[in-house]
Each structure stands twice: as structure tokens, then as C-alpha cells.
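Written below as C-alpha cells is the structure these notes are about.
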Amino acid sequence: MTVPLIQVEGVVKKYDDRPTILDGVTFSVDGGAFVTIYGKSGCGKTTLLNIIGGLDRPSAGEIIIDGLRLGEMNEDGLAKTRMNKIGFVFQDYNLLQDLTIRENVSLPLLLSRKKDGKRVDDLLRRFDIEDIAKVTANKVSGGEAQRAAIARAMANDPKIILADEPTGNLDAENTQNVIEMFQLARREFGTTIVLATHDEDIAKHATRSIRLVDGKTKD
Ligand SMILES: Nc1ncnc2c1ncn2[C@@H]1O[C@H](COP(=O)(O)OP(=O)(O)OP(=O)(O)O)[C@@H](O)[C@H]1O
Ligand SMILES: [Mg+2]
């Protein structure tokens, strides 16, 4: 039996005196899947992605990434796991505005002390941002910025990309384009994608979509 790449087991998240956000969420994601987590605003999508990515800890339950139990790790261990296994993509791109597109895409390699060069060239080409490689991030369009953010998330060749509402600021054409870029990442690099969205149409592009309602999942 193959072990799933991501295991979410009985995850609960609750803040003091507030309604429970996640109420025992359990599912697993196989390597190479494109999973969407969808549900209305406030249902806990960002909270869940942050817990899966080790940016936040659950009140109860467990996340296992590629056989590693996040709950047993200290902050350094979590940071290392994030760097080696996970790429993050956000709604507002989170590019460093004064750096060029190429420098933004190279950043994870710099941080993990790997050489850039060919890998970055390859990503710039595949994600169709070669022409703007030398332009600073504050001068590119939203669609271009998000393609650069996906390329950056791919720089360290992570097994997993966690994308939080990545098309939330884009028009229909750029939304379609960005979805195609995730599909490209999955097809060409075998990357596993977990994408949170409130948009049911986007959920349809996934190999599996998981609906989050009242802190629980529905397939
Ligand atoms: N640090 C916090 N302290 C208390 N409550 C929080 C905290 N962070 C999030 N929440 C609450 O948790 C709930 C879920 O928030 P979350 O951001 O995960 O929802 P979401 O599904 O991502 O929404 P959206 O679609 O608007 O991005 C919300 O009611 C929010 O107010
Ligand atoms: Mg959110």
C-alpha cells in the first residue's frame, strides 16, 4: 500500500471563546493529485492550508507530510520541511516589489544555498515570464505576477504546492491561465497541488475537490 503524500488526521482548530473553525478534518492527498479545498468565505480554508503547511499548529489532530509528523517538530524542523517540500502561492502574489522577476523566482534557491542558473531559466521559460525576467515586480501585471509566484514556489522543486485563493485578484482570462500553470506544474514536474478557493468553477479543474462546511469536509 502506498502512503499518501499528505495526511490530515482529525484536525481541530479553535481559538478561545470563538466558534470552532475546523472540527475534525480528515483526508489524505496522493502524490501527483490536484486537490481543491472550496467553501464560502470564513469557512476555514486559509486556516487549514496554514496548518497543512506548518505555518500554524492545530488545536488537536495531526498533519503528516511525506511520512513526517509536523506535530513532533520544533520551529526549525517546520521551517526546514517547508523549505524542502512545500511551495506557497498566495492571493496577493507576495513578490518582493523592488526585485526583478528573475530575482524573485531565484529567491528560494538563494535561501537554501543552491545554485540558480538553469533551473531558473527553465522555470522562466515554462511559466512564460522570460520576457519580463529583468523587470521589477512592481511593474508587472497581476497575471504575470502570479505566474512568477508559481515559478518561485517551484524553484526548490517541492513535492507540494499550497495555493491560497491564487486567482482571487485575477480576471477570467488570467484565472484560466494561472490554472493552466498549476496543471503544467503537476504534469511536467509531478507536483502535488492543494488549492483553496471559494470559486466552484475552479474546483472543477481539480482531480478531486473537497468542500469545507461547518468545519468539516465533504467530498
Ligand atoms: N488568529 C485568529 N484568531 C481568531 N479567529 C481567527 C483567527 N484567524 C482566523 N480566524 C477566524 O477563523 C475563521 C476562518 O478563517 P479563514 O481565514 O481560515 O477562512 P477562509 O475560508 O480562508 O476565508 P476567505 O475565503 O475569506 O479567505 C474566520 O471566522 C476567522 O475570523
Ligand atoms: Mg482565506
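Labeling convention for the C-alpha cells: chains A, B, ... as they appear, residues from 1 per chain, ligands from 1 in order of appearance.
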Give me, as a Markdown table, the closest atom pair and its distance (Å, one decimal) for every residue of chain A within a cut-off of 7 Å of ligand 1, counting only C-alpha atoms and all ligand atoms, rows sorted by chain and rising number.
```
| residue | atom | partner | partner_atom_place_in_ligand_line | distance |
| --- | --- | --- | --- | --- |
| A:Tyr15 | CA | ligand 1 | 4 (C) | 5.5 |
| A:Arg18 | CA | ligand 1 | 5 (N) | 6.9 |
| A:Ile21 | CA | ligand 1 | 12 (O) | 5.5 |
| A:Gly39 | CA | ligand 1 | 21 (O) | 6.5 |
| A:Lys40 | CA | ligand 1 | 25 (O) | 5.8 |
| A:Ser41 | CA | ligand 1 | 25 (O) | 3.3 |
| A:Gly42 | CA | ligand 1 | 19 (O) | 3.4 |
| A:Cys43 | CA | ligand 1 | 21 (O) | 4.0 |
| A:Gly44 | CA | ligand 1 | 18 (O) | 3.2 |
| A:Lys45 | CA | ligand 1 | 21 (O) | 3.8 |
| A:Thr46 | CA | ligand 1 | 22 (O) | 3.7 |
| A:Thr47 | CA | ligand 1 | 18 (O) | 3.7 |
| A:Leu48 | CA | ligand 1 | 18 (O) | 6.5 |
| A:Thr197 | CA | ligand 1 | 25 (O) | 6.9 |
| A:His198 | CA | ligand 1 | 25 (O) | 5.9 |
```
What would the file look like if the residues just selected were written as an mmCIF file, in the first residue's frame with C-alpha atoms?
```
data_model
loop_
_atom_site.group_PDB
_atom_site.id
_atom_site.type_symbol
_atom_site.label_atom_id
_atom_site.label_comp_id
_atom_site.auth_asym_id
_atom_site.auth_seq_id
_atom_site.Cartn_x
_atom_site.Cartn_y
_atom_site.Cartn_z
ATOM 1 C CA TYR A 15 -9.390 29.955 19.400
ATOM 2 C CA ARG A 18 -14.669 31.607 19.441
ATOM 3 C CA ILE A 21 -13.132 26.722 12.914
ATOM 4 C CA GLY A 39 -16.127 26.706 0.612
ATOM 5 C CA LYS A 40 -17.504 30.107 1.436
ATOM 6 C CA SER A 41 -15.538 32.964 2.946
ATOM 7 C CA GLY A 42 -14.654 32.306 6.576
ATOM 8 C CA CYS A 43 -15.137 28.532 6.396
ATOM 9 C CA GLY A 44 -11.510 27.935 7.363
ATOM 10 C CA LYS A 45 -9.654 27.372 4.073
ATOM 11 C CA THR A 46 -6.675 29.595 4.911
ATOM 12 C CA THR A 47 -6.536 28.184 8.429
ATOM 13 C CA LEU A 48 -6.422 24.650 7.047
ATOM 14 C CA THR A 197 -10.805 28.744 -3.408
ATOM 15 C CA HIS A 198 -14.359 29.954 -2.894
#
```
Distance query Ala151 in chain A at most 12 Å, only C-alpha atoms, self and fewer than 5 positions along chain excluded, as a ChimeraX atom specification: /A:87-89,93,95,101-109,119-130,133,144-146,156-158,161,178,181-182,184-185,189
Okay, now the selection with N, CA and C atoms, as a compact mmCIF listing (two decimals), in the first residue's frame?
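Everything below was put into result-v6.txt:
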```txt
# COMPACT_ATOMS: atom_id res chain seq x y z
N GLY A 87 5.92 24.55 -1.58
CA GLY A 87 5.94 25.89 -2.15
C GLY A 87 4.60 26.56 -1.87
N PHE A 88 4.62 27.83 -1.52
CA PHE A 88 3.38 28.54 -1.21
C PHE A 88 3.05 29.57 -2.29
N VAL A 89 1.77 29.67 -2.62
CA VAL A 89 1.29 30.69 -3.55
C VAL A 89 0.10 31.38 -2.89
N TYR A 93 0.12 37.47 -4.39
CA TYR A 93 1.41 37.15 -5.04
C TYR A 93 2.61 37.17 -4.08
N LEU A 95 5.27 38.96 -3.99
CA LEU A 95 6.60 39.13 -4.58
C LEU A 95 7.30 40.28 -3.87
N ILE A 101 11.74 40.01 -11.58
CA ILE A 101 11.03 38.73 -11.63
C ILE A 101 12.02 37.57 -11.48
N ARG A 102 13.16 37.66 -12.17
CA ARG A 102 14.15 36.60 -12.06
C ARG A 102 14.67 36.46 -10.62
N GLU A 103 14.94 37.59 -10.00
CA GLU A 103 15.43 37.53 -8.62
C GLU A 103 14.38 36.93 -7.68
N ASN A 104 13.12 37.27 -7.91
CA ASN A 104 12.05 36.69 -7.09
C ASN A 104 12.00 35.18 -7.26
N VAL A 105 12.07 34.73 -8.51
CA VAL A 105 11.99 33.28 -8.77
C VAL A 105 13.21 32.57 -8.17
N SER A 106 14.37 33.24 -8.17
CA SER A 106 15.61 32.64 -7.65
C SER A 106 15.67 32.56 -6.13
N LEU A 107 14.87 33.36 -5.49
CA LEU A 107 15.00 33.56 -4.04
C LEU A 107 15.04 32.27 -3.20
N PRO A 108 14.13 31.31 -3.44
CA PRO A 108 14.19 30.09 -2.63
C PRO A 108 15.50 29.33 -2.79
N LEU A 109 16.10 29.41 -3.97
CA LEU A 109 17.38 28.72 -4.21
C LEU A 109 18.49 29.42 -3.43
N ARG A 119 17.92 25.99 -13.72
CA ARG A 119 16.59 25.74 -13.16
C ARG A 119 15.71 26.99 -13.31
N VAL A 120 16.30 28.13 -12.97
CA VAL A 120 15.53 29.38 -13.04
C VAL A 120 15.19 29.72 -14.50
N ASP A 121 16.16 29.57 -15.38
CA ASP A 121 15.90 29.82 -16.81
C ASP A 121 14.75 28.94 -17.29
N ASP A 122 14.80 27.70 -16.89
CA ASP A 122 13.78 26.74 -17.30
C ASP A 122 12.40 27.15 -16.78
N LEU A 123 12.34 27.57 -15.52
CA LEU A 123 11.06 27.99 -14.93
C LEU A 123 10.54 29.25 -15.62
N LEU A 124 11.44 30.20 -15.87
CA LEU A 124 11.02 31.45 -16.53
C LEU A 124 10.41 31.14 -17.89
N ARG A 125 11.01 30.20 -18.59
CA ARG A 125 10.51 29.84 -19.91
C ARG A 125 9.17 29.11 -19.81
N ARG A 126 9.12 28.10 -18.96
CA ARG A 126 7.90 27.30 -18.87
C ARG A 126 6.70 28.10 -18.39
N PHE A 127 6.95 29.04 -17.49
CA PHE A 127 5.83 29.82 -16.97
C PHE A 127 5.64 31.13 -17.74
N ASP A 128 6.32 31.22 -18.88
CA ASP A 128 6.09 32.30 -19.84
C ASP A 128 6.34 33.69 -19.24
N ILE A 129 7.44 33.82 -18.51
CA ILE A 129 7.80 35.11 -17.93
C ILE A 129 9.24 35.49 -18.28
N GLU A 130 9.75 34.84 -19.30
CA GLU A 130 11.11 35.15 -19.78
C GLU A 130 11.24 36.62 -20.15
N ALA A 133 11.75 38.97 -17.25
CA ALA A 133 12.70 38.49 -16.22
C ALA A 133 13.46 39.63 -15.56
N GLU A 144 0.94 38.19 -14.67
CA GLU A 144 2.39 37.93 -14.74
C GLU A 144 2.96 37.69 -13.33
N ALA A 145 2.51 38.52 -12.40
CA ALA A 145 2.99 38.38 -11.02
C ALA A 145 2.65 37.00 -10.46
N GLN A 146 1.45 36.53 -10.76
CA GLN A 146 1.07 35.23 -10.20
C GLN A 146 1.83 34.10 -10.88
N ASN A 156 12.49 25.35 -5.68
CA ASN A 156 13.18 24.30 -4.91
C ASN A 156 12.69 22.91 -5.25
N ASP A 157 11.92 22.79 -6.31
CA ASP A 157 11.35 21.51 -6.73
C ASP A 157 10.59 20.82 -5.60
N PRO A 158 9.61 21.55 -5.02
CA PRO A 158 8.89 20.97 -3.89
C PRO A 158 7.94 19.86 -4.35
N ILE A 161 2.61 22.03 -3.69
CA ILE A 161 2.31 23.47 -3.71
C ILE A 161 1.00 23.70 -2.99
N VAL A 178 -3.62 30.94 -15.05
CA VAL A 178 -2.95 30.51 -13.81
C VAL A 178 -3.30 29.05 -13.49
N MET A 181 -1.18 26.92 -15.43
CA MET A 181 0.19 26.86 -14.90
C MET A 181 0.30 25.81 -13.77
N PHE A 182 -0.74 25.73 -12.96
CA PHE A 182 -0.73 24.68 -11.92
C PHE A 182 -0.80 23.30 -12.57
N LEU A 184 0.33 22.57 -15.47
CA LEU A 184 1.66 22.35 -16.04
C LEU A 184 2.64 21.85 -14.97
N ALA A 185 2.59 22.48 -13.81
CA ALA A 185 3.48 22.07 -12.71
C ALA A 185 3.23 20.60 -12.36
N PHE A 189 6.27 18.37 -13.74
CA PHE A 189 7.17 18.17 -12.60
C PHE A 189 6.59 17.18 -11.58
```
Nearest to ligand 2 by atom-to-atom distance, counting only C-alpha atoms and all ligand atoms, from A:Gln183, A:Thr167, A:Thr20, A:Ser59: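 Of A:Gln183, A:Thr167, A:Thr20, A:Ser59, the one nearest ligand 2, counting only C-alpha atoms and all ligand atoms, is A:Thr167.
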I'd like to know which of A:Leu5, A:Leu110, A:Ala148, A:Ala153 is closest to Ala33 in chain A, using only C-alpha atoms.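 Smallest separation from Ala33 in chain A among the options: A:Leu5.
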Name the residues in contact with Leu68 in chain A at a cut-off of 10 Å, using only C-alpha atoms, excluding same-chain residues fewer than 5 positions from it; report them as a ChimeraX atom specification. /A:5-7,63,73,81
Among range 2-206 of chain A, which residues carry a DSSP assignment of strand (DSSP E or B), reported as a PyMOL selection string? chain A and resi 6-13+22-29+34-38+60-65+68-69+86-89+100+136+160-164+192-197
Would you mind writing down, as a ChimeraX atom specification, each residue of range 64-179 of chain A that DSSP on the backbone assigns to helix (DSSP H, G or I)? /A:70-72,75-85,101-111,118-126,130-132,137-139,142-154,172-179
To one decimal place in Å, what is the distance between CA of Leu96 in chain A and CA of Asn138 in chain A? 8.3 Å
Let me make sure I understand: among A:Pro19, A:Gly32, A:Gly168, A:Gly54, which one has the smallest atom-to-atom distance to ligand 2 if we use only C-alpha atoms and all ligand atoms?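 Nearest to ligand 2: A:Gly168.
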Nearest to Thr192 in chain A by atom-to-atom distance, counting only C-alpha atoms, from A:Ile65, A:Leu111, A:Ala137, A:Val213: A:Ile65
